[in-house]
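Working notes for the structure below.
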Amino acid sequence: MKEKIEQLKKLKEQAKLGGGKAKIKIQHDKGKLTARERIELLVDEGSFDEIDMFVKHRSKDFGLDKQIYPGDGVVTGFAKIDCRPIALFSQDFTVFGGSLSETHAEKIVKIMKMAMKNGIPVIGLNDSGGARIQEGVSSLAGYADIFLLNTLASGVIPQISVILGPCAGGAVYSPAITDFIFMVKNTSYMFVTGPNVVKTVTNEDVSLEELGGAETHASKSGIAHFIYENEIETLLNVRKLLSFLPLNYRDKSPELKFNQSEIKPEPKLDNIIPDNPSKPYDMRKIINLLVDDNDFFEVHKNYAENILCGFSRIGGMAIGIIANQPAVLAGVLDINASVKAGRFVRFCDCFGIPLLVLEDVPGFLPGTEQEWNGIIRHGAKLLFAFCEATVPKITVIIRKAYGGAYDVMNSKHVRGDFNYAWPSAEIAVMGPKGAVEIIFKKEISKSKDPKKELEKKLKEFKKRFANPYITAERGFVDDIILPSETRGKLINAFNLLRTKVDINPKKKHANIPL
């Protein structure tokens, strides 16, 4: 028995070396960690239980029968993060460049199926050159098997993709189906076709970084939800994201202890809105004053910056926040902002995470570019997401709430549970100036002094309509509240909504305007 134990230990040590010490050194020289080092950083110490360590590929063509490595380029298993169970796979670039073979895919599919059965999140650490070309269609079939599992698991368990190297061709579609994508500056890349193919087909000269680097996908395409400077920072923030999420759609997010007696007014909020309604301000300042410990974990920080999305806690409870950002494009809704926020709302609804909406929106962005690229369809995605969501939903109208954007941003009419307004709120079909120019067009044009008449009508209109009181008279906002008392109101409201039950009509599934 002793010999067999020693043999097992030897084989395990061999498997842990992946492609060997020389290739590990090359990985380190690129500023990258190995598959196993990444796992050690990500999970609780000593919690990783590996499976399929001895799996080997079954290919014999192109000399592959002479190149066999235990594990076949991916480390799979189960672990804990903050004492909560997760499933994970970590691709090993030292073995065939992390390329996906039939058995490589089978290992990933196995842990995904186990994760779904047990209701635990799946984290994929991606570092792969793509399909293993020598295996032909078997490799492609492996990708499709993973895509199917990604799709079936969507909305059942959280799925997180961490891109820690190349991710190209068909490989990109698995991360694209998952809930969140992390990337690392200068070392991660995602693209369907690489720079050489782009050059051949379109005659465009583009670098790897420009085409599919982390900053490109964080700011231009919106593919990456989070980007960080290095792998260590990235993996630590994966842990932080998980701290806000439930294990599955039936579970609840972790809740921190909170003492209700500690709720106090926040006087800074009473002076945070500029007197001039056209003057911008940073909505993040309001968010940080409302949430616990000034901690707002922002999603898509560098993309569609006119709307803010992210996770936080209020009264110890994990929530999702969607907020217009007046400091960028006056906080208007455009195509990218609508898609960004719509996707975030749907994720939170999938996993029972309550929603807080902070509203200061002058409307949808006008222009031919927006209209021709489908602002109607894309704006409808955000509207659809709020209408469909059955989680607790609270809106606070901070300042402007104009036109259709008022309806879209979780108004009372689309099942907002509690809708509050600050005294600074302006709720109307359109801005005061535009409204006056339409309603009083004849009077202004016939006046001896049109400019003076416009100013007079504008002053009257603002006094009558540029406030939240008419909306409150109709019950479309539940209360007009002091900014300084907002945090306490929100904590009480979310606590009340813990037992909320809301259902949608029975159907196979809805047809969201994709």
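Every chain in the structure tokens takes a letter, A first, then B, and so on in the order presented; its residues are numbered from 1, and the ligands are numbered from 1 following the presented order.
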Excluding same-chain residues fewer than 2 positions from Asp479 (chain A), what lies within 9 Å of it counting only C-alpha atoms, as a PyMOL selection string?
chain A and resi 418-422+472+475+477+481
Can you check which residues of region 75-320 of chain A DSSP gives as helix (DSSP H, G or I) on the backbone and send them as a ChimeraX atom specification?
/A:96-98,102-118,133-135,137-153,169-177,195-202,208-212,214-221,231-244,260-262,267-271,283-290,292-294
For the residues in the current selection, export C-alpha atoms as a compact mmCIF listing (two decimals), in the first residue's frame.
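The result, stored in selection31.txt:
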# COMPACT_ATOMS: atom_id res chain seq x y z
CA PHE A 96 -1.36 23.29 -25.42
CA GLY A 97 -1.88 27.02 -24.84
CA GLY A 98 -4.99 26.24 -22.80
CA GLU A 102 -13.10 17.23 -26.24
CA THR A 103 -12.01 16.06 -22.77
CA HIS A 104 -11.17 19.62 -21.65
CA ALA A 105 -14.78 20.56 -22.44
CA GLU A 106 -16.15 17.44 -20.72
CA LYS A 107 -14.42 18.47 -17.49
CA ILE A 108 -15.99 21.94 -17.61
CA VAL A 109 -19.44 20.55 -18.44
CA LYS A 110 -19.21 18.12 -15.53
CA ILE A 111 -18.62 20.81 -12.91
CA MET A 112 -21.32 23.02 -14.45
CA LYS A 113 -23.88 20.24 -14.20
CA MET A 114 -22.87 19.62 -10.59
CA ALA A 115 -23.15 23.34 -9.87
CA MET A 116 -26.69 23.45 -11.24
CA LYS A 117 -27.75 20.37 -9.25
CA ASN A 118 -26.37 21.85 -6.05
CA ILE A 133 -7.31 22.62 -34.06
CA GLN A 134 -5.90 19.08 -34.21
CA GLU A 135 -9.19 17.73 -32.82
CA VAL A 137 -15.10 19.18 -34.98
CA SER A 138 -14.75 17.38 -31.62
CA SER A 139 -13.36 20.57 -30.16
CA LEU A 140 -16.18 22.63 -31.68
CA ALA A 141 -18.70 20.20 -30.23
CA GLY A 142 -17.09 20.73 -26.83
CA TYR A 143 -17.66 24.47 -27.08
CA ALA A 144 -21.30 23.97 -28.02
CA ASP A 145 -21.80 21.67 -25.02
CA ILE A 146 -20.49 24.46 -22.77
CA PHE A 147 -22.66 27.10 -24.47
CA LEU A 148 -25.75 24.98 -23.84
CA LEU A 149 -24.91 24.60 -20.16
CA ASN A 150 -24.23 28.36 -19.87
CA THR A 151 -27.67 29.02 -21.31
CA LEU A 152 -29.50 26.48 -19.16
CA ALA A 153 -27.72 27.74 -16.05
CA GLY A 169 -13.07 32.86 -31.82
CA GLY A 170 -15.94 30.69 -30.59
CA ALA A 171 -14.45 30.75 -27.07
CA VAL A 172 -15.80 34.27 -26.50
CA TYR A 173 -19.43 33.17 -26.57
CA SER A 174 -19.32 31.28 -23.29
CA PRO A 175 -18.24 34.38 -21.32
CA ALA A 176 -20.74 36.46 -23.31
CA ILE A 177 -23.62 34.29 -22.02
CA PRO A 195 -5.95 41.48 -36.01
CA ASN A 196 -4.53 39.44 -38.92
CA VAL A 197 -7.96 38.35 -40.14
CA VAL A 198 -9.30 41.87 -39.70
CA LYS A 199 -6.42 43.18 -41.81
CA THR A 200 -7.10 40.62 -44.56
CA VAL A 201 -10.87 41.12 -44.70
CA THR A 202 -11.32 44.84 -44.00
CA LEU A 208 -4.45 43.27 -30.12
CA GLU A 209 -5.07 45.83 -27.38
CA GLU A 210 -7.10 48.18 -29.59
CA LEU A 211 -9.18 45.36 -31.04
CA GLY A 212 -9.99 43.34 -27.97
CA ALA A 214 -9.58 45.15 -21.49
CA GLU A 215 -9.91 48.92 -21.87
CA THR A 216 -11.56 48.57 -25.28
CA HIS A 217 -14.19 46.18 -23.92
CA ALA A 218 -14.69 48.20 -20.74
CA SER A 219 -15.32 51.53 -22.48
CA LYS A 220 -16.34 50.90 -26.11
CA SER A 221 -18.11 47.56 -26.48
CA GLU A 231 -4.59 39.43 -11.76
CA ILE A 232 -4.40 39.70 -7.98
CA GLU A 233 -6.64 42.78 -7.88
CA THR A 234 -9.01 41.12 -10.34
CA LEU A 235 -9.41 37.91 -8.34
CA LEU A 236 -9.92 39.82 -5.07
CA ASN A 237 -12.74 41.76 -6.71
CA VAL A 238 -14.35 38.54 -7.94
CA ARG A 239 -14.57 37.63 -4.27
CA LYS A 240 -16.13 41.01 -3.51
CA LEU A 241 -18.76 40.62 -6.24
CA LEU A 242 -19.75 37.23 -4.82
CA SER A 243 -20.28 38.81 -1.40
CA PHE A 244 -23.37 40.56 -2.81
CA GLN A 260 -31.42 50.14 13.37
CA SER A 261 -30.72 52.60 16.17
CA GLU A 262 -27.68 53.82 14.24
CA PRO A 267 -27.46 66.82 6.56
CA LYS A 268 -25.02 66.83 3.60
CA LEU A 269 -27.82 65.53 1.36
CA ASP A 270 -29.88 68.68 1.95
CA ASN A 271 -27.25 70.79 0.17
CA MET A 283 -24.65 61.14 -8.43
CA ARG A 284 -22.01 58.92 -6.83
CA LYS A 285 -21.80 61.41 -3.94
CA ILE A 286 -25.49 60.83 -3.20
CA ILE A 287 -25.11 57.05 -3.49
CA ASN A 288 -22.18 56.99 -1.06
CA LEU A 289 -24.13 59.00 1.51
CA LEU A 290 -27.14 56.67 1.28
CA ASP A 292 -23.65 51.44 4.21
CA ASP A 293 -19.99 52.35 4.68
CA ASN A 294 -19.87 54.53 1.52
Neighbours of region 82-88 of chain A within 7 Å (only C-alpha atoms; same-chain residues fewer than 3 positions away dropped), as a PyMOL selection string?
chain A and resi 44+76-79+111+115+120-124
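CA of Pro432 (chain A) lies 10.8 Å from CA of Glu455 (chain A).
Comparing A:Phe54, A:Lys23, A:Leu454, A:Lys32 by their smallest distance to Val436 (chain A), the closest is A:Leu454 (using only C-alpha atoms).
If you look at CA of Asn324 (chain A) and CA of Leu356 (chain A), they are 11.6 Å away from each other.
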Excluding region 381-387 of chain A and its own-chain neighbours fewer than 4 positions away, which residues fall within 8 Å of it when counting only C-alpha atoms? Please give them as an MDAnalysis selection string.
chainID A and resid 338:339 341:343 345:346 377 407:410 414:415 512:514
Selected residues written out, C-alpha atoms, as a PDB file, in the first residue's frame:
ATOM      1  CA  SER A 338     -30.540  51.522 -21.732  1.00  0.00           C
ATOM      2  CA  VAL A 339     -28.865  48.220 -22.590  1.00  0.00           C
ATOM      3  CA  ALA A 341     -29.135  49.195 -17.106  1.00  0.00           C
ATOM      4  CA  GLY A 342     -31.665  46.774 -18.629  1.00  0.00           C
ATOM      5  CA  ARG A 343     -29.243  43.871 -18.353  1.00  0.00           C
ATOM      6  CA  VAL A 345     -32.037  45.033 -13.736  1.00  0.00           C
ATOM      7  CA  ARG A 346     -32.716  41.595 -15.220  1.00  0.00           C
ATOM      8  CA  ARG A 377     -35.982  49.114 -29.373  1.00  0.00           C
ATOM      9  CA  ASP A 407     -42.112  56.151 -16.946  1.00  0.00           C
ATOM     10  CA  VAL A 408     -39.116  53.977 -17.792  1.00  0.00           C
ATOM     11  CA  MET A 409     -37.125  54.629 -14.613  1.00  0.00           C
ATOM     12  CA  ASN A 410     -39.272  52.404 -12.404  1.00  0.00           C
ATOM     13  CA  VAL A 414     -44.578  49.952 -13.884  1.00  0.00           C
ATOM     14  CA  ARG A 415     -44.950  48.414 -10.412  1.00  0.00           C
ATOM     15  CA  ILE A 512     -37.949  40.939 -24.728  1.00  0.00           C
ATOM     16  CA  PRO A 513     -37.228  43.422 -27.561  1.00  0.00           C
ATOM     17  CA  LEU A 514     -33.727  42.204 -28.364  1.00  0.00           C
TER      18      LEU A 514
END
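Minimum atom-to-atom distances from A:Ile163, A:Val391, A:Leu458, A:Leu490 to Val291 (chain A) were compared using only C-alpha atoms, and the lowest value belongs to A:Leu490.
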Tell me which protein, DNA and RNA residues are within 9 Å of Lys16 (chain A), counting only C-alpha atoms, leaving out same-chain ones fewer than 6 positions away, and put them as a PDB file with C-alpha atoms, in the first residue's frame.
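Contents of out27.pdb, freshly written:
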ATOM      1  CA  ARG A  36      -3.420  26.739  -9.878  1.00  0.00           C
ATOM      2  CA  MET A  53      -6.967  15.641 -12.285  1.00  0.00           C
ATOM      3  CA  PRO A  70      -2.773  14.875 -16.926  1.00  0.00           C
ATOM      4  CA  GLY A  71      -5.721  17.268 -16.621  1.00  0.00           C
TER       5      GLY A  71
END
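Residues lying within 8 Å of Pro392 (chain A), counting only C-alpha atoms and ignoring same-chain neighbours fewer than 4 positions away, are Ile353, Pro354, Leu355, Gly416, Asp417, Phe494, Leu497, Arg498 and Lys500 of chain A.
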Record the distance separating CA of Glu371 (chain A) and CA of Gly404 (chain A), expressed in Å with one decimal.
15.1 Å
Identify, on the basis of only C-alpha atoms, every residue whose closest approach to Gly20 (chain A) does not exceed 12 Å; exclude the query and any residue fewer than 3 positions from it along the same chain; express the result as a PyMOL selection string.
chain A and resi 13-17+23-27+34+68-70+73+92-96
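Comparing A:Glu443, A:Ala131, A:Ser424, A:Gly31 by their smallest distance to Asn276 (chain A), the closest is A:Ser424 (using only C-alpha atoms).
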